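Student: My questions will all concern the structure given below.
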There are 2 protein chains.
Amino acid sequence: MAQASRLVDLRKELARRGLDGFLIPRADEHLGEYVPESAARLAWLTGFTGSAGLAVVLADRAAVFSDGRYVLQLQAETDPALWERRHIIEQPPASWLAAGTTAEARIGYDPWLISEEALAKFTEAGRTLVAVADNPVDAIWTDRPAPPLAPALPHALAYAGLESACKRADLGAALLAARQDAAVISDPASIAWLLNIRGSDVAFTPFALGFAIAHQDGRAELFMDPAKLPDATRAWLGNDISCAPRAALAGALAALSGKRVRVDPAGSPVWFAQTLRAAGAESGAGSDPCLLAKACKNATEQQGARAAHGRDAIAVCRFLHRMDRPDGAETEASAAAALLALRAGLPDFRGESFPAISAAGPHGAIMHYRVGPATDRAIRPGEPYLIDSGAQFLDGTTDVTRTIWIGAGTPPAELRDRFTRVLKGHIAMATLIFPEGATGVHLDGFALHALWQVGLDYDHGTGHGVGSYLSVHEGPVSLSRLARPVPLAAGMILSNEPGFYLPGQYGIRLENLLLVRPADAGGGGKPFLRFETLTLAPFDRRLIDQALLDRHEIAWLDAYHARVLAEVGPNLDADTAAWLQSACAALPPGV
Amino acid sequence: MAQASRLVDLRKELARRGLDGFLIPRADEHLGEYVPESAARLAWLTGFTGSAGLAVVLADRAAVFSDGRYVLQLQAETDPALWERRHIIEQPPASWLAAGTTAEARIGYDPWLISEEALAKFTEAGRTLVAVADNPVDAIWTDRPAPPLAPALPHALAYAGLESACKRADLGAALLAARQDAAVISDPASIAWLLNIRGSDVAFTPFALGFAIAHQDGRAELFMDPAKLPDATRAWLGNDISCAPRAALAGALAALSGKRVRVDPAGSPVWFAQTLRAAGAESGAGSDPCLLAKACKNATEQQGARAAHGRDAIAVCRFLHRMDRPDGAETEASAAAALLALRAGLPDFRGESFPAISAAGPHGAIMHYRVGPATDRAIRPGEPYLIDSGAQFLDGTTDVTRTIWIGAGTPPAELRDRFTRVLKGHIAMATLIFPEGATGVHLDGFALHALWQVGLDYDHGTGHGVGSYLSVHEGPVSLSRLARPVPLAAGMILSNEPGFYLPGQYGIRLENLLLVRPADAGGGGKPFLRFETLTLAPFDRRLIDQALLDRHEIAWLDAYHARVLAEVGPNLDADTAAWLQSACAALPPGV
């Protein structure tokens, strides 16, 4: 097995360097969600392909850690003879490392692949780690792919809504208020937003890999391979943005000697703070100054999101119609391909926003299941089917999940009970009105309540932020008991996706995107917020146990379905429109 | 005015000592809620008598800070010509101080009256404060009362449920696991729990003021005036607990040189950590090791709580009956006195657990209103009346709030709407089932939801922990968006007290105590928890807008009232029992 020999090779390389161990995070130099193949060290070494995780390799033990979403996938993709498989929250890597080593052990890490905060967890657990200049994995990964070189292109004002110069002026004012001279921006999504550019270096998220330093006076330095910057892009960036290759970065940081420079301790590689301090600059804490501004979509972006969701709904409704008359020949892979093909015909479509989860029956319980040749199977009548997918459009990013019943017959009562409880959670979140200042931690429980009441829950957050033709998973806000203490604010787009998973049996997830808006709640004069649902697609009424819904929930569902029909119906072919009409019918009265 | 000349005197004293300012927290050396008169420096200096607050005095400015509960009281009790009045969360004292001083200013503090964490807020805001050996307030407070000297008495095993030796053995094991040699215990409630003693040094909370050092081997050192320790108590404490006056404390800490000693950075005065460090001991962080164990009541304490609530209900029901036929002559003060008299006749009653809030009409909007000669007024027909009160019994502590309609006639529709939304929040919390691991932050919103939906809320937590014949406000857990990240656990007792306040008009609060119990929720195999309601008293059905309640809420209310009638009714006189029967009738069907 490749993984076995790679682990042997890595241990030899570590021994050669006098290291007793090494951390291999699932990360590139931007600490983002999607990493280019050239940085997929964790997958190459361990086999685990989930989007969050970390391996720790010692001379005699090794472990891979990931979170609740990936419990089954971690088991399936890694070899238990080589790797202990652990829950990253319940059994943190820092504790595992501290328990398995002495304080004298030399444990290495790559300072480009871990944040200052993540590194501190190991220090707090009593282990001082050693920064390693060249990643030992790269030394043994002889056929490592080259980094991507896709061009960075202008993102037109008709979509961005605000000129880069205005964004940089606001950012400069924020730095002034924080008494900081400059800020390191290592997140390519932040750079894409700040400079109004987009790219295609990684799958699913349309940014261009690079780094930037934003200055208090509104200027910015962009560090990106010159081959990625066509003349048109350089002209679009203008004279206040200088461009230089990444090799110039260390020098640019050294030039900040004596200045106060903001580096996000959670979001930027610790290399930046270390390099700044070594250069005599003051590395000041503070989150990426683009995060909050990027999360609060402006009026143009909000209108773009509505338009993008209106178009996306055409593909989703046509897909749901297609799946409502299965001939038994459709497989998970063919269904996903069919949905992609339907989306590909829509105006301004630029690709999927993440790998679609097309999961029949028990596969639905694998929260981030990804169909492949080895797992693909027919979608059979008499089982539920879960489809979680999204699209990148020039004017917005979508993400939608539906769970439907395949074929004829009545679904089992337990499945309908669970589906209805998930739907109740979805409706509770969609209809929530809440005060300004509330964070995701305060709201998450509303989506869980109906499951909690029968001793059930789900091991993932209820929702994540979504970008505007950017990352489908965008910070800083989420609906989760682990959410950061950042309040929800008008203009944010969040997913609303409660679920329920019975391993080996089925999975249920119901997801719409929500736009945060001011609520005209009357009452006490304090500012309140509410959600506007952006996603338009029917919920499968066959899976609803209507006796579990109260009249407010029924009213919401009927109104939502009426809206779906009114907004999407006119854009459909006659066959699909007829199907949508019946799928969107009101629930029968008086049940 | 006394306050004006006191402020002048304090400024002179500060100038004499070369200080540019001084902090006056509402605190004694135990940082607890109720402080003896000898430590009521904030009230003496500013006039503000609320249970949480802080004053900062500078040469030319001075401010008093308190939280949302005390907004109106702070305005009423302090002179705006002398004091700026601020919200302690929205305008933190540290920011106010930083904005009003230069980094060179010498701002003093008394290290006995502030925790290390609270002090750090000022350091983080850029101001280094100076520890002052003798409190400057004491220098000008010439008629300061002497500290209390009430005796510490044994708390029998029939109430405590677990011998002190067992508690100390568990504590020692926890210190061993944390690799700590000893722990400072500065909270008299923790000492009372750990040593199974009670006292009466302060009003409302039956502990004896003192300090302790608990050792890994199960021994403890108690620092308390010998006059407070009768022979019977010394015998009860046994040979593993040494007793010494408080003056011996510094020496005892010095004897820990070279040891690792736990000091709660949030709960203990910073004097302890400073003294330990100066003595060459290692001051290790960690919360008071009694906190969590004390909060999780054992089976004896749980049974005691049920019995105490059963007795308390007799007084509360008789009181509510009395208030249901007002003759117009009852005032807030006479009503509170009547309730106290009813409680005083109950077995094992030892006093109120806090100053009763007896508030008619607009006084109900003052969240911690305390009736006095200047504010007392008649309770008039045609207005709501709020009574929040509690008792200390040997077997448990109670805390109950009801809001009732006085007199005949139908209450206004808006009042009934608000009352019903508060009741919906109360029921939502009472019926909640939630997974182990959830904290108060995750649950608080359920009590607010019905108010949020019409743009209303309340500016206090939904619930606080309650002790077992100890403090009615007990950590470490609360139901609040500001709750500490400590999960709820079986055996904890918490209040459930949503409210609504319309300043100048009325206040509503509905409070029962809840016991956390394991839930037999079935389902997914994970451990879940639920609440058992301990408090037994009817809610005023005249204030309920039944159209706002769903069938689950109506079922809960009817079942609760049936339980109140069944458990309390047999212990009442015939008149009160007849009244209770009608007060506990089921809501009319089919409204």
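We label chains A, B, ... in the order they appear in the structure tokens, count residues from 1 in each chain, and number ligands from 1 in the order shown.
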Which chain A residues are at most 8 Å from chain B (counting only C-alpha atoms), as number ranges by chain?
Tutor: A: 432-435, 441-446, 449, 452-457, 481, 520-528
Student: I want to know what sits within 9 Å of stretch 365-374 of chain B, based on only C-alpha atoms, with residues of the same chain fewer than 3 positions away left out; could you give that as a PyMOL selection string?
Tutor: chain B and resi 50+68-73+332-333+336+355-359+361-362+377+460+500-508
Student: Which polymer residues have any atom within 10 Å of an atom of A:Asp134, counting only C-alpha atoms, with same-chain residues fewer than 6 positions away left out, as a VMD selection string?
Tutor: chain A and resid 109 to 112
Student: Find, counting only C-alpha atoms, the residue in B:Cys290, B:Leu276, B:Leu394, B:Leu229 that gets nearest to B:Pro151.
Tutor: B:Leu229
Student: Residues at most 7 Å from stretch 194-200 of chain A, counting only C-alpha atoms, excluding those fewer than 6 positions away in the same chain, as a list of chain:residue names?
Tutor: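 In the requested form, the answer reads A:Ala150, A:Pro151, A:Ala152, A:Leu153, A:Pro154, A:His155, A:Ala160, A:Ser164, A:Lys167, A:Arg168, A:Pro206, A:Phe207, A:Ala208, A:Leu237, A:Cys290.
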Student: Separation of atom CA of A:Gly284 and atom CA of A:Ser268, in Å?
Tutor: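 Separation between atom CA of A:Gly284 and atom CA of A:Ser268: 12.4 Å.
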Student: Give me, as a PyMOL selection string, the residues of stretch 293-397 of chain B that a backbone DSSP run labels strand (DSSP E or B).
Tutor: chain B and resi 331+349-352+357-360+378+384-389+391-393+396-397
Student: If we count only C-alpha atoms and set the cut-off at 12 Å, which residues sit around A:Gly328, ignoring sequence neighbours fewer than 3 positions away in its own chain? Please answer as a list in words.
Tutor: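 Skipping anything fewer than 3 positions along the chain leaves Arg322, Met323, Asp324, Arg325, Thr331, Glu332, Ser334, Ala335, Arg377, Ala378, Ile379, Arg380, Pro381, Gly382, Glu383, Ile406 and Gly407 of chain A.
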Student: Just how far from atom CA of B:Ile544 is atom CA of B:Thr420, in Å to one decimal?
Tutor: 5.2 Å
Student: Would you kindly return, as a PyMOL selection string, each protein, DNA or RNA residue with an atom no farther than 9 Å from any atom of stretch 138-142 of chain B, considering only C-alpha atoms and excluding same-chain residues fewer than 5 positions away?
Tutor: chain B and resi 6+9-10+13+41+44-45
Student: Return the single residue from B:Asp67, B:Asp575, B:Asp143, B:Asp264 that is closest to B:Gly286, with distances computed using only C-alpha atoms.
Tutor: B:Asp264
Student: Under the rule that only C-alpha atoms are counted, which of B:Phe531, B:Phe349, B:Phe319, B:Phe419 is the nearest residue to B:Pro384?
Tutor: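 Checking each candidate against B:Pro384, we get B:Phe419 as the closest.
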Student: Quick one: of A:His87, A:Arg509, A:His464, A:Arg61, who's nearest to A:Leu386, counting only C-alpha atoms?
Tutor: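 Smallest separation from A:Leu386 among the options: A:Arg509.
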Student: When DSSP is applied to the backbone of this structure, which of stretch 426-462 of chain A are assigned alpha helix (DSSP H)? Write them out as a PyMOL selection string.
Tutor: chain A and resi 426-430+440-452
Student: Any idea what the distance is between atom CA of B:Thr46 and atom CA of B:Pro92?
Tutor: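 Calculated distance between atom CA of B:Thr46 and atom CA of B:Pro92 is 18.1 Å.
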Student: So that I can check the surroundings of B:Ala250, please list as a list of chain:residue names every protein, DNA and RNA residue that reaches within 10 Å of it, counting only C-alpha atoms and ignoring chain neighbours fewer than 5 positions away.
Tutor: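 The residues that qualify are B:Ala255, B:Trp271, B:Phe272, B:Thr275, B:Leu276, B:Ala279.
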Student: Within 10 Å of stretch 484-498 of chain A, which residues of stretch 264-309 of chain A come that close, and what is the closest atom pair and distance in Å for each? Count only C-alpha atoms and give it as a tab-separated table.
Tutor:
residue	atom	partner	partner_atom	distance
A:Leu292	CA	A:Val486	CA	9.0
A:Ala293	CA	A:Met492	CA	9.5
A:Lys294	CA	A:Met492	CA	8.7
A:Ala295	CA	A:Met492	CA	5.3
A:Cys296	CA	A:Gly491	CA	4.3
A:Lys297	CA	A:Gly491	CA	4.7
A:Asn298	CA	A:Gly491	CA	6.6
A:Ala299	CA	A:Gly491	CA	8.0
A:Glu301	CA	A:Gly491	CA	8.9
A:Gln302	CA	A:Gly491	CA	7.1
A:Ala305	CA	A:Ile493	CA	9.0
Student: Just write the chosen residues, all heavy atoms, as a compact mmCIF listing (two decimals), in the first residue's frame.
Tutor:
# COMPACT_ATOMS: atom_id res chain seq x y z
N LEU A 292 -15.45 40.78 8.12
CA LEU A 292 -16.80 41.22 8.46
C LEU A 292 -17.42 42.00 7.30
O LEU A 292 -18.60 41.82 6.97
CB LEU A 292 -16.75 42.06 9.73
CG LEU A 292 -18.04 42.19 10.50
CD1 LEU A 292 -18.59 40.84 10.90
CD2 LEU A 292 -17.82 43.05 11.74
N ALA A 293 -16.62 42.86 6.68
CA ALA A 293 -17.15 43.66 5.57
C ALA A 293 -17.56 42.75 4.41
O ALA A 293 -18.59 42.95 3.77
CB ALA A 293 -16.10 44.66 5.11
N LYS A 294 -16.75 41.74 4.14
CA LYS A 294 -17.07 40.79 3.06
C LYS A 294 -18.33 40.01 3.38
O LYS A 294 -19.13 39.70 2.49
CB LYS A 294 -15.87 39.85 2.87
CG LYS A 294 -16.13 38.64 1.99
CD LYS A 294 -14.83 38.06 1.44
CE LYS A 294 -13.88 37.59 2.52
NZ LYS A 294 -14.34 36.39 3.24
N ALA A 295 -18.51 39.66 4.66
CA ALA A 295 -19.68 38.86 5.05
C ALA A 295 -20.98 39.63 4.91
O ALA A 295 -22.03 39.04 4.61
CB ALA A 295 -19.50 38.37 6.49
N CYS A 296 -20.94 40.94 5.12
CA CYS A 296 -22.16 41.76 5.02
C CYS A 296 -22.32 42.23 3.57
O CYS A 296 -21.75 43.25 3.17
CB CYS A 296 -22.07 42.95 5.98
SG CYS A 296 -22.00 42.45 7.70
N LYS A 297 -23.10 41.50 2.81
CA LYS A 297 -23.23 41.79 1.39
C LYS A 297 -23.91 43.15 1.18
O LYS A 297 -24.91 43.47 1.86
CB LYS A 297 -24.06 40.68 0.71
CG LYS A 297 -23.24 39.44 0.32
CD LYS A 297 -22.79 38.64 1.50
CE LYS A 297 -21.91 37.46 1.13
NZ LYS A 297 -21.32 36.85 2.33
N ASN A 298 -23.40 43.90 0.21
CA ASN A 298 -24.03 45.17 -0.10
C ASN A 298 -25.29 44.94 -0.95
O ASN A 298 -25.59 43.81 -1.34
CB ASN A 298 -23.02 46.12 -0.78
CG ASN A 298 -22.49 45.56 -2.08
OD1 ASN A 298 -23.26 45.05 -2.90
ND2 ASN A 298 -21.17 45.64 -2.28
N ALA A 299 -26.00 46.04 -1.25
CA ALA A 299 -27.30 45.91 -1.93
C ALA A 299 -27.16 45.21 -3.29
O ALA A 299 -28.01 44.40 -3.68
CB ALA A 299 -27.94 47.29 -2.08
N GLU A 301 -24.85 43.01 -4.16
CA GLU A 301 -24.59 41.59 -3.92
C GLU A 301 -25.85 40.87 -3.46
O GLU A 301 -26.11 39.71 -3.82
CB GLU A 301 -23.47 41.43 -2.89
CG GLU A 301 -22.10 41.87 -3.40
CD GLU A 301 -21.05 41.94 -2.29
OE1 GLU A 301 -21.40 42.34 -1.15
OE2 GLU A 301 -19.89 41.59 -2.56
N GLN A 302 -26.67 41.54 -2.64
CA GLN A 302 -27.92 40.92 -2.18
C GLN A 302 -28.85 40.68 -3.37
O GLN A 302 -29.45 39.61 -3.49
CB GLN A 302 -28.62 41.82 -1.15
CG GLN A 302 -27.86 41.93 0.17
CD GLN A 302 -28.58 42.81 1.19
OE1 GLN A 302 -29.80 42.97 1.13
NE2 GLN A 302 -27.84 43.37 2.12
N ALA A 305 -27.58 37.83 -5.31
CA ALA A 305 -27.87 36.54 -4.67
C ALA A 305 -29.30 36.10 -4.99
O ALA A 305 -29.54 34.93 -5.30
CB ALA A 305 -27.69 36.65 -3.16
